[in-house]
Number of protein chains: 2
Amino acid sequence: MSKVIQTSALSADKFAPFGDVLELQEQPDQIINQGNCGRHHDLAKLDFGGGRAGISLFDAKPRSLPYQLDLLERHPDGSQAFIPMSLTSFLIIVASDVNGSPGEPCAFVSAPGQAINIHKGVWHGVLTPLHAPGLFAVVDRMGPGPNLEEYRLAASVEIV
Amino acid sequence: MSKVIQTSALSADKFAPFGDVLELQEQPDQIINQGNCGRHHDLAKLDFGGGRAGISLFDAKPRSLPYQLDLLERHPDGSQAFIPMSLTSFLIIVASDVNGSPGEPCAFVSAPGQAINIHKGVWHGVLTPLHAPGLFAVVDRMGPGPNLEEYRLAASVEIV
């Protein structure tokens, strides 16, 4: 029987070891545009390791729980932000590094209106929207080199 | 009577003099994640003029048409991308530069799923969502200096 991991609601505190949660803060840092807009400023620790920032769109197939996890990946040269372009939830799987391999995975489900930035080099699952459309803007590194390590799990893990 | 400007549907061609439309292309540049995700790669011409990229969230009040335009602004030191986090439309107002002042404004209405990147130094209106919630991720320049020029129109323009 495969190992089972429970999801948690995504929160900045719980996600802090892996990256940033981009969500409205209690108060905006600045009110702009004659009072018509709150700016919640500079929420992501971006790092493009000698490359440059780029914005791409990802069009991903929606998944559902339970989800069978068998692959984790990481980008050694840059952070990667995932910004949902619909008010929907997505599944986020991350893991600490233990001597160059992923440790025990953690799984989170975002609330509508939350985006994330995965820090440079953090193990994570592929993009797994839980609803259609799986349309995301992705802010990540443009530059030379593969910037990708993959790790196939010895036994798949069931995320519930 | 104020001048009246008609909106057009946002399209990459028409918007090209001012910036980039970030939208799914006819074909993805790459299929990733074992066939489950299309990557539409590097769609924005970002320029942070000696600063660095940052991601902020903007929480803007929804507006409606007709809209009275009386102010344009530009950021001389960096591009600014607006990524809607809901599948809704927003109003985009831009203008060419004529000897340091904005020329005739152009107005566009986005389709759900379209984001934009306004090129460095391009005159534009403030963020004007047409529906709630006015929640956007904004990728723009972090760095010293005000990076803001405002231009108040001598007479307001009605956008319809």
# chains A, B, ... in the order shown; residues from 1 in each chain; ligands from 1

call {"tool": "residues_around", "arguments": {"residues": "Pro66 of chain B", "least_positions_apart": "3", "cutoff": "12 Å", "atoms": "only C-alpha atoms", "output": "PyMOL selection string"}}
result
chain B and resi 2-7+63+69+91+107+128+130+157-160

call {"tool": "write_last_selection", "arguments": {"atoms": "N, CA and C atoms", "output": "tab-separated table (two decimals), in the first residue's frame"}}
result
chain	number	residue	atom	x	y	z
B	2	SER	N	-16.81	66.45	-23.63
B	2	SER	CA	-15.47	65.84	-23.61
B	2	SER	C	-15.28	64.94	-24.83
B	3	LYS	N	-14.05	64.80	-25.18
B	3	LYS	CA	-13.67	63.91	-26.29
B	3	LYS	C	-14.04	62.47	-25.95
B	4	VAL	N	-14.46	61.71	-26.95
B	4	VAL	CA	-14.89	60.33	-26.72
B	4	VAL	C	-13.97	59.38	-27.46
B	5	ILE	N	-13.50	58.34	-26.77
B	5	ILE	CA	-12.65	57.32	-27.40
B	5	ILE	C	-13.30	55.96	-27.22
B	6	GLN	N	-13.38	55.23	-28.33
B	6	GLN	CA	-13.97	53.89	-28.32
B	6	GLN	C	-12.92	52.86	-27.92
B	7	THR	N	-13.32	51.88	-27.14
B	7	THR	CA	-12.41	50.77	-26.82
B	7	THR	C	-12.37	49.77	-27.97
B	63	ARG	N	-14.11	49.42	-12.05
B	63	ARG	CA	-14.71	50.58	-12.70
B	63	ARG	C	-15.71	50.09	-13.74
B	69	LEU	N	-11.30	59.60	-18.24
B	69	LEU	CA	-9.84	59.57	-18.11
B	69	LEU	C	-9.32	60.98	-17.92
B	91	LEU	N	-9.86	47.19	-18.36
B	91	LEU	CA	-9.71	48.29	-19.32
B	91	LEU	C	-8.25	48.72	-19.32
B	107	ALA	N	-7.67	52.82	-26.18
B	107	ALA	CA	-8.27	52.05	-25.08
B	107	ALA	C	-8.62	50.65	-25.56
B	128	THR	N	-7.45	49.54	-14.15
B	128	THR	CA	-8.91	49.70	-14.15
B	128	THR	C	-9.60	48.38	-14.50
B	130	LEU	N	-12.66	45.85	-14.78
B	130	LEU	CA	-14.07	46.10	-15.09
B	130	LEU	C	-15.00	45.22	-14.27
B	157	VAL	N	-11.17	62.79	-20.97
B	157	VAL	CA	-11.55	62.04	-22.16
B	157	VAL	C	-12.53	60.97	-21.70
B	158	GLU	N	-13.57	60.77	-22.46
B	158	GLU	CA	-14.55	59.74	-22.10
B	158	GLU	C	-14.26	58.47	-22.89
B	159	ILE	N	-14.03	57.38	-22.16
B	159	ILE	CA	-13.75	56.09	-22.79
B	159	ILE	C	-15.04	55.29	-22.78
B	160	VAL	N	-15.48	54.85	-23.97
B	160	VAL	CA	-16.78	54.15	-24.04
B	160	VAL	C	-16.64	52.77	-24.65

call {"tool": "residues_around", "arguments": {"residues": "Phe82 of chain A", "least_positions_apart": "5", "cutoff": "6 Å", "atoms": "only C-alpha atoms", "output": "VMD selection string"}}
result
chain A and resid 115 to 116 138

call {"tool": "interface_residues", "arguments": {"of": "chain A", "to": "chain B", "cutoff": "6 Å", "atoms": "only C-alpha atoms", "output": "PyMOL selection string"}}
result
chain A and resi 36-44+54-61+84-87

call {"tool": "atom_distance", "arguments": {"atom1": "atom CA of Gly51 of chain A", "atom2": "atom CA of Val94 of chain A"}}
result
23.6 Å

call {"tool": "atom_distance", "arguments": {"atom1": "atom CA of Ser64 of chain B", "atom2": "atom CA of Ile92 of chain B"}}
result
12.2 Å

call {"tool": "closest_residue", "arguments": {"among": "B:Ala9, B:Glu149, B:Lys120, B:Gly143", "to": "Ser101 of chain B", "atoms": "only C-alpha atoms"}}
result
B:Glu149
